[in-house]
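Source file: input-v2.txt; contents: compact mmCIF, C-alpha atoms.
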```
# COMPACT_ATOMS: atom_id res chain seq x y z
CA MET A 1398 213.97 14.42 110.73
CA THR A 1399 213.39 14.45 114.48
CA THR A 1400 212.46 17.55 116.44
CA ILE A 1401 212.02 17.38 120.20
CA LEU A 1402 209.88 19.82 122.18
CA PHE A 1403 211.14 20.46 125.70
CA THR A 1404 208.78 22.10 128.16
CA HIS A 1405 207.47 21.63 131.70
CA ALA A 1406 204.33 22.50 133.63
CA ALA A 1407 206.50 24.25 136.23
CA CYS A 1408 207.07 27.05 133.71
CA LEU A 1409 203.37 27.89 134.09
CA GLY A 1410 203.94 28.54 137.81
CA HIS A 1411 205.99 31.71 137.26
CA ASP A 1412 203.42 34.38 138.22
CA THR A 1413 204.39 37.91 137.20
CA GLY A 1414 201.23 39.60 138.44
CA PRO A 1415 198.15 41.19 136.84
CA GLY A 1416 198.77 43.05 133.61
CA HIS A 1417 202.35 41.93 133.16
CA PRO A 1418 203.24 41.25 129.48
CA GLU A 1419 205.32 38.15 130.30
CA ARG A 1420 202.39 36.14 131.58
CA VAL A 1421 201.40 32.51 131.93
CA ALA A 1422 199.00 32.77 128.99
CA ARG A 1423 201.99 33.18 126.62
CA LEU A 1424 203.25 29.67 127.19
CA GLU A 1425 199.71 28.29 127.28
CA ALA A 1426 199.11 29.77 123.82
CA VAL A 1427 202.29 28.24 122.40
CA LEU A 1428 201.55 24.82 123.86
CA ALA A 1429 197.96 24.92 122.58
CA GLU A 1430 199.27 25.64 119.08
CA LEU A 1431 201.78 22.81 119.29
CA SER A 1432 199.05 20.40 120.40
CA LYS A 1433 197.33 20.65 117.00
CA PRO A 1434 197.36 17.67 114.60
CA ALA A 1435 200.05 19.28 112.43
CA PHE A 1436 202.49 18.70 115.27
CA ALA A 1437 201.56 15.09 116.03
CA ALA A 1438 205.04 13.91 115.00
CA LEU A 1439 206.73 16.27 117.44
CA GLU A 1440 208.45 14.33 120.21
CA ARG A 1441 207.71 15.83 123.63
CA ARG A 1442 209.89 15.64 126.71
CA ASP A 1443 209.77 17.19 130.16
CA ALA A 1444 212.56 19.65 130.82
CA PRO A 1445 214.75 18.68 133.79
CA GLU A 1446 215.81 21.13 136.48
CA ALA A 1447 219.14 22.83 136.00
CA THR A 1448 221.51 22.61 138.94
CA VAL A 1449 223.21 25.52 140.64
CA ALA A 1450 226.43 24.40 138.94
CA ASP A 1451 224.63 24.62 135.60
CA LEU A 1452 223.46 28.17 136.30
CA CYS A 1453 227.01 29.11 137.23
CA LEU A 1454 228.06 28.43 133.64
CA ALA A 1455 226.72 31.90 132.90
CA HIS A 1456 226.46 33.60 136.30
CA PRO A 1457 228.60 34.05 139.42
CA ARG A 1458 227.60 31.82 142.32
CA ARG A 1459 226.81 34.84 144.49
CA TYR A 1460 224.25 36.03 141.93
CA VAL A 1461 222.65 32.61 141.58
CA ASP A 1462 222.31 32.26 145.35
CA SER A 1463 221.01 35.80 145.75
CA LEU A 1464 218.37 35.42 143.06
CA LEU A 1465 217.11 32.08 144.35
CA GLU A 1466 216.95 33.53 147.86
CA SER A 1467 214.94 36.50 146.57
CA ILE A 1468 212.03 34.29 145.49
CA PRO A 1469 209.20 34.91 147.96
CA ALA A 1470 207.28 32.29 149.87
CA GLU A 1471 204.07 34.04 148.87
CA GLY A 1472 203.02 36.95 146.72
CA ILE A 1473 205.14 38.68 144.11
CA ALA A 1474 208.51 40.39 144.54
CA MET A 1475 209.93 42.84 142.00
CA LEU A 1476 213.63 42.52 141.20
CA ASP A 1477 213.43 45.70 139.12
CA ALA A 1478 210.63 47.73 137.55
CA ASP A 1479 209.95 45.01 134.95
CA THR A 1480 211.12 41.72 136.45
CA ALA A 1481 208.92 39.85 138.90
CA VAL A 1482 209.30 36.62 140.86
CA SER A 1483 206.76 34.55 142.76
CA PRO A 1484 206.84 31.23 144.66
CA GLY A 1485 206.71 29.28 141.40
CA SER A 1486 209.57 31.20 139.80
CA ARG A 1487 212.29 28.94 141.18
CA GLY A 1488 210.91 25.81 139.54
CA ALA A 1489 210.14 27.68 136.31
CA ALA A 1490 213.61 29.20 136.05
CA LEU A 1491 215.37 25.91 136.79
CA ARG A 1492 213.26 24.07 134.21
CA ALA A 1493 213.78 26.82 131.61
CA ALA A 1494 217.55 26.59 131.94
CA GLY A 1495 217.34 22.80 132.17
CA ALA A 1496 215.40 22.64 128.91
CA GLY A 1497 218.28 24.19 127.01
CA ILE A 1498 220.73 21.78 128.61
CA ALA A 1499 218.59 18.75 127.76
CA ALA A 1500 218.06 20.02 124.21
CA VAL A 1501 221.81 20.36 123.70
CA ASP A 1502 222.28 16.82 125.00
CA ALA A 1503 219.64 15.53 122.60
CA VAL A 1504 221.07 17.12 119.46
CA CYS A 1505 224.69 16.39 120.40
CA THR A 1506 224.04 12.70 121.01
CA GLY A 1507 221.96 12.14 117.89
CA GLN A 1508 218.61 11.74 119.65
CA ALA A 1509 217.24 14.63 117.60
CA ASP A 1510 218.20 16.77 114.65
CA ASN A 1511 216.98 19.90 116.41
CA ALA A 1512 214.91 20.97 119.40
CA PHE A 1513 212.58 23.73 120.54
CA CYS A 1514 212.31 24.75 124.19
CA ALA A 1515 208.89 26.22 125.02
CA VAL A 1516 209.73 27.67 128.41
CA ARG A 1517 209.54 30.78 130.54
CA PRO A 1518 210.92 32.96 132.03
CA PRO A 1519 212.98 34.07 129.04
CA GLY A 1520 216.68 34.71 129.38
CA HIS A 1521 218.52 36.89 126.87
CA HIS A 1522 218.42 40.11 128.93
CA ALA A 1523 219.87 38.45 132.04
CA GLU A 1524 223.33 39.88 132.67
CA PRO A 1525 225.98 37.83 134.49
CA GLY A 1526 225.25 39.62 137.76
CA HIS A 1527 221.66 40.82 137.59
CA ALA A 1528 218.18 40.03 136.31
CA MET A 1529 216.39 42.40 133.98
CA GLY A 1530 213.83 42.60 131.20
CA PHE A 1531 211.65 39.73 132.51
CA CYS A 1532 214.76 37.46 132.52
CA LEU A 1533 216.32 35.66 135.50
CA PHE A 1534 219.03 33.38 134.07
CA ASN A 1535 220.55 33.49 130.59
CA ASN A 1536 219.21 30.22 129.26
CA VAL A 1537 220.93 30.28 125.86
CA VAL A 1538 224.37 31.04 127.29
CA ILE A 1539 223.97 28.28 129.87
CA ALA A 1540 223.07 25.89 127.04
CA ALA A 1541 226.09 27.01 125.00
CA ARG A 1542 228.53 26.56 127.84
CA HIS A 1543 227.01 23.16 128.64
CA ALA A 1544 227.76 22.09 125.06
CA ARG A 1545 231.41 22.79 125.76
CA ARG A 1546 231.44 21.16 129.18
CA ALA A 1547 229.57 18.00 128.29
CA HIS A 1548 230.20 17.47 124.58
CA GLY A 1549 233.56 19.06 123.84
CA LEU A 1550 232.21 21.59 121.35
CA GLN A 1551 234.04 24.89 121.28
CA ARG A 1552 232.55 27.30 118.75
CA ILE A 1553 228.92 27.96 119.63
CA ALA A 1554 226.68 30.50 117.92
CA ILE A 1555 223.65 32.30 119.35
CA VAL A 1556 221.36 34.04 116.85
CA ASP A 1557 218.72 36.29 118.37
CA PHE A 1558 215.75 37.56 116.34
CA ASP A 1559 213.75 38.81 119.31
CA VAL A 1560 212.68 42.42 118.73
CA HIS A 1561 214.67 43.48 121.81
CA HIS A 1562 218.45 43.31 121.84
CA GLY A 1563 219.81 40.50 124.02
CA ASN A 1564 222.19 42.60 126.07
CA GLY A 1565 222.96 39.79 128.51
CA SER A 1566 223.96 37.39 125.75
CA GLU A 1567 226.09 40.06 124.08
CA THR A 1568 227.94 40.74 127.35
CA GLN A 1569 228.95 37.09 127.51
CA ALA A 1570 230.10 36.98 123.87
CA LEU A 1571 232.21 40.12 124.24
CA ALA A 1572 234.33 38.25 126.78
CA ASP A 1573 234.33 34.92 124.90
CA PRO A 1574 235.66 34.92 121.31
CA ASP A 1575 234.42 31.37 120.71
CA LEU A 1576 230.83 32.40 121.51
CA PHE A 1577 229.18 34.09 118.51
CA TYR A 1578 226.25 36.42 119.11
CA ALA A 1579 224.18 38.06 116.38
CA SER A 1580 221.00 40.08 116.89
CA THR A 1581 218.44 41.77 114.71
CA HIS A 1582 216.30 44.08 116.82
CA GLN A 1583 214.35 47.31 116.80
CA ASN A 1584 216.17 50.51 117.69
CA PRO A 1585 215.29 52.68 119.53
CA LEU A 1586 213.71 50.24 121.96
CA TYR A 1587 214.40 48.59 125.31
CA PRO A 1588 217.08 47.96 126.55
CA GLY A 1589 218.85 50.58 124.41
CA SER A 1590 221.89 48.42 123.64
CA GLY A 1591 222.93 46.75 120.40
CA THR A 1592 223.50 50.01 118.55
CA MET A 1593 227.10 49.37 117.57
CA ASP A 1594 229.49 46.91 116.04
CA PHE A 1595 232.80 46.05 117.65
CA ASP A 1596 235.66 46.16 115.15
CA ASP A 1597 237.82 43.96 117.36
CA LYS A 1598 235.00 41.49 118.11
CA PRO A 1599 233.98 39.74 114.88
CA ASN A 1600 231.97 37.27 116.97
CA VAL A 1601 229.43 39.97 117.87
CA VAL A 1602 227.08 41.23 115.15
CA ASN A 1603 224.28 43.75 115.71
CA VAL A 1604 221.78 44.89 113.10
CA PRO A 1605 219.50 47.51 114.68
CA LEU A 1606 216.40 48.21 112.60
CA PRO A 1607 214.23 51.34 112.85
CA PRO A 1608 210.54 51.02 113.74
CA HIS A 1609 208.28 49.90 110.87
CA SER A 1610 211.22 48.42 108.95
CA GLY A 1611 209.17 45.44 107.82
CA PRO A 1612 209.99 42.05 106.36
CA ALA A 1613 212.27 43.20 103.52
CA ALA A 1614 214.63 45.01 105.87
CA PHE A 1615 214.68 42.08 108.30
CA ARG A 1616 215.47 39.58 105.56
CA ALA A 1617 218.17 41.85 104.14
CA ALA A 1618 219.75 42.18 107.59
CA MET A 1619 219.91 38.42 107.87
CA THR A 1620 221.02 37.79 104.30
CA ASP A 1621 223.59 40.58 104.02
CA LYS A 1622 225.12 40.59 107.49
CA VAL A 1623 224.07 37.95 110.02
CA LEU A 1624 224.15 34.80 107.89
CA PRO A 1625 227.53 35.52 106.23
CA ALA A 1626 229.09 36.29 109.61
CA LEU A 1627 227.55 33.14 111.07
CA ARG A 1628 228.94 31.01 108.26
CA GLY A 1629 232.32 32.67 108.63
CA PHE A 1630 232.35 31.76 112.30
CA ALA A 1631 231.70 28.10 111.36
CA PRO A 1632 229.78 27.11 114.50
CA GLU A 1633 229.67 23.58 115.84
CA LEU A 1634 226.20 24.26 117.30
CA VAL A 1635 223.58 26.92 116.54
CA ILE A 1636 221.37 28.16 119.37
CA VAL A 1637 218.43 30.45 118.58
CA SER A 1638 216.96 33.07 120.88
CA ALA A 1639 213.51 32.77 119.34
CA GLY A 1640 211.53 35.83 120.30
CA PHE A 1641 208.42 36.47 118.23
CA ASP A 1642 207.73 40.05 119.35
CA ALA A 1643 208.87 41.58 116.05
CA HIS A 1644 205.48 40.42 114.69
CA ARG A 1645 203.25 43.15 113.29
CA ASP A 1646 200.56 42.39 115.91
CA ASP A 1647 202.87 42.61 118.93
CA PRO A 1648 201.99 45.44 121.33
CA LEU A 1649 205.55 46.16 122.51
CA ALA A 1650 207.29 46.96 119.22
CA GLU A 1651 206.83 47.90 115.56
CA LEU A 1652 208.99 45.82 113.23
CA ASN A 1653 205.92 44.39 111.46
CA LEU A 1654 207.12 40.86 110.68
CA THR A 1655 204.79 37.95 109.90
CA GLU A 1656 204.78 34.22 110.48
CA ASP A 1657 206.28 33.76 107.01
CA ASP A 1658 209.37 35.69 108.09
CA TYR A 1659 209.89 33.39 111.06
CA ALA A 1660 209.53 30.30 108.88
CA TRP A 1661 212.01 31.78 106.40
CA VAL A 1662 214.68 32.71 108.97
CA THR A 1663 214.33 29.30 110.61
CA GLY A 1664 215.05 27.65 107.30
CA GLU A 1665 218.10 29.86 106.75
CA LEU A 1666 219.51 29.07 110.18
CA LEU A 1667 218.89 25.36 109.67
CA ALA A 1668 220.86 25.55 106.41
CA VAL A 1669 223.85 27.02 108.25
CA ALA A 1670 223.53 24.38 110.97
CA ARG A 1671 223.41 21.65 108.33
CA ASP A 1672 226.48 22.98 106.51
CA CYS A 1673 228.62 23.88 109.53
CA ALA A 1674 227.35 22.04 112.61
CA GLY A 1675 226.12 18.64 111.51
CA GLY A 1676 222.57 20.00 111.62
CA ARG A 1677 222.72 20.68 115.36
CA LEU A 1678 220.31 23.48 116.29
CA VAL A 1679 218.55 24.29 119.57
CA SER A 1680 215.88 26.99 119.78
CA MET A 1681 214.65 28.62 122.98
CA LEU A 1682 211.57 30.78 123.39
CA GLU A 1683 212.22 34.40 124.35
CA GLY A 1684 209.60 37.15 123.81
CA GLY A 1685 206.27 37.55 122.03
CA TYR A 1686 203.33 39.27 123.71
CA ASP A 1687 200.31 39.11 121.41
CA LEU A 1688 198.97 35.65 122.16
CA GLY A 1689 197.65 34.87 118.69
CA ALA A 1690 200.74 36.16 116.89
CA LEU A 1691 203.01 34.35 119.33
CA ALA A 1692 201.20 31.04 118.86
CA ARG A 1693 201.13 31.28 115.06
CA SER A 1694 204.75 32.39 114.86
CA ALA A 1695 206.00 29.66 117.17
CA GLY A 1696 204.01 27.19 115.12
CA ALA A 1697 205.61 28.39 111.89
CA HIS A 1698 209.05 28.15 113.51
CA VAL A 1699 208.48 24.60 114.76
CA ARG A 1700 207.00 23.44 111.44
CA ALA A 1701 210.19 24.63 109.76
CA LEU A 1702 212.29 22.76 112.33
CA MET A 1703 210.29 19.59 111.73
CA ALA A 1704 210.72 19.92 107.96
CA ALA A 1705 214.52 20.23 108.15
```
Target format structure tokens, applied to this file:
Amino acid sequence: MTTILFTHAACLGHDTGPGHPERVARLEAVLAELSKPAFAALERRDAPEATVADLCLAHPRRYVDSLLESIPAEGIAMLDADTAVSPGSRGAALRAAGAGIAAVDAVCTGQADNAFCAVRPPGHHAEPGHAMGFCLFNNVVIAARHARRAHGLQRIAIVDFDVHHGNGSETQALADPDLFYASTHQNPLYPGSGTMDFDDKPNVVNVPLPPHSGPAAFRAAMTDKVLPALRGFAPELVIVSAGFDAHRDDPLAELNLTEDDYAWVTGELLAVARDCAGGRLVSMLEGGYDLGALARSAGAHVRALMAA
């Protein structure tokens, strides 16, 4: 089976400033892990730049223009208390969104069975009209809408196992019944959303987990709620918001997962993709802030993709 890695050096140019959790070293750690001999068979491609029209698949044009204009010529500018931009942020954000688009093209045209996008900045907190939570553009939603625009797919699923709820992705799914969004996440925790189900929105599934829940609770949430709902939705493409900050070593949360849990959930999602979507699955990096845990978890995730 063929797995393609999409990344770009421009994603290393997004400088968030000293001490910021979403730092350049995160992507460096992931890429170092994926350069090991175990990943020699991984095909590697440069992510292209998304266009403004691509970004507008998930965001109003006025927001896209405003954000791009906010990127400073030098230094660092804060869009909110957590979200920083620097001169390199434009190229990084365009390549991050472009990676998802290229990955969708690859799996939808048979160039690959699945793909992993090792990019930053992340995207699942980005609301239609504002940046937040380290995120500028909602990369997974852009990728999903591109699958419709370019490949005629209609029912797209996003599954998010980042430890933080993807509020921006949920907002899009609430207004789009053919866009499925499911999230397992710690609660209480930033951003404070994802605490409820919507009886009239079967395409949105939240499973908030209390701190220190651990692997058994995470696997039960997937097995009992997320995976059955995902199969019931019968997606034509599965997109994964692959955050690895639920790991027991992560400094920002306390769900206490391990690399084995990420390998397991990857295999479960691949099984749904195989049964419902012709195997089509695209994964995009979101969070993960302990460098060692992030690298090992991403490696476990990609090994499972390659073994599909």
Select from range 1399-1442 of chain A every residue with an atom at most 12 Å from any atom of range 1640-1651 of chain A, then for each give the shortest pair of atoms and their distance in Å to one decimal, using all atoms listed in the file, rows by chain and rising number, as a tab-separated table.
```
residue	atom	partner	partner_atom	distance
A:His1417	CA	A:Leu1649	CA	11.9
A:Pro1418	CA	A:Leu1649	CA	8.8
A:Glu1419	CA	A:Leu1649	CA	11.2
A:Arg1423	CA	A:Phe1641	CA	11.1
A:Val1427	CA	A:Phe1641	CA	11.1
```
Centre and edge lengths, as AutoDock Vina command-line options, for the axis-aligned box enclosing every listed atom of range 1459-1470 of chain A with 5 Å of padding on each of the six sides, in Å to one decimal?
```
--center_x 217.0 --center_y 34.3 --center_z 145.7 --size_x 29.5 --size_y 14.4 --size_z 18.3
```
Spatial neighbours of Glu1430 in chain A, max dist 7 Å, only C-alpha atoms, sep filter under 3 positions, as a short mmCIF file (atom, residue, chain, number, x, y, z; two decimals) with C-alpha atoms, keeping the file's coordinate frame:
```
data_model
loop_
_atom_site.label_atom_id
_atom_site.label_comp_id
_atom_site.auth_asym_id
_atom_site.auth_seq_id
_atom_site.Cartn_x
_atom_site.Cartn_y
_atom_site.Cartn_z
CA ALA A 1426 199.11 29.77 123.82
CA VAL A 1427 202.29 28.24 122.40
CA LYS A 1433 197.33 20.65 117.00
CA ALA A 1692 201.20 31.04 118.86
CA GLY A 1696 204.01 27.19 115.12
#
```
For a quick check of understanding, using only C-alpha atoms, which of A:Ala1515, A:Leu1439, A:Leu1586, A:Ala1554 has the smallest distance to Val1637 in chain A?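 The closest residue to Val1637 in chain A is A:Ala1554.
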Using all atoms listed in the file, can you tell me which of A:His1609, A:Arg1616, A:Arg1441, A:His1411 comes closest to Pro1519 in chain A?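 The answer is A:His1411, which sits nearest to Pro1519 in chain A.
Atom to atom, CA of Pro1457 in chain A and CA of Ala1474 in chain A stand 21.7 Å apart.
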For a quick check of understanding, using all atoms listed in the file, which of A:Thr1448, A:Ser1638, A:Thr1620, A:Thr1404 has the smallest distance to Asp1557 in chain A? A:Ser1638
Need the shell around range 1494-1511 of chain A: protein/DNA/RNA residues with any atom at most 9 Å away, counting only C-alpha atoms. Skip same-chain ones fewer than 5 positions apart. Format as a PyMOL selection string? chain A and resi 1398-1405+1443-1448+1451-1452+1489+1516+1520+1534-1537+1539-1541+1543-1544+1547-1548+1634+1636+1667+1675-1681+1702-1703+1705
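Proximity of A:Arg1492, A:His1562, A:Arg1458, A:Arg1545 to His1527 in chain A, computed with all atoms listed in the file, is greatest for A:Arg1458.
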Would you mind reading off the distance between CA of Pro1469 in chain A and CA of Pro1484 in chain A, one decimal, in Å?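 Straight-line distance from CA of Pro1469 in chain A to CA of Pro1484 in chain A works out to 5.5 Å.
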Correct to one decimal, the distance CA of Ile1553 in chain A-CA of Ala1570 in chain A is 10.0 Å
Restricting the calculation to all atoms listed in the file, which member of A:Phe1615, A:Phe1630, A:Phe1595, A:Phe1513 is positioned closest to Arg1552 in chain A?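 Nearest candidate to Arg1552 in chain A out of A:Phe1615, A:Phe1630, A:Phe1595, A:Phe1513: A:Phe1630.
With all atoms listed in the file as the atoms that count, the minimum distance from Thr1568 in chain A to the choices A:Ala1639, A:Ile1473, A:Ala1455, A:Leu1627 is reached by A:Ala1455.
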Identify the residues within 12 Å of coordinate (230.0, 38.4, 120.3) (same frame as the file), considering only C-alpha atoms, and give the answer as a ChimeraX atom specification. /A:1538,1552-1557,1563-1580,1591,1593-1603,1623,1626-1627,1630
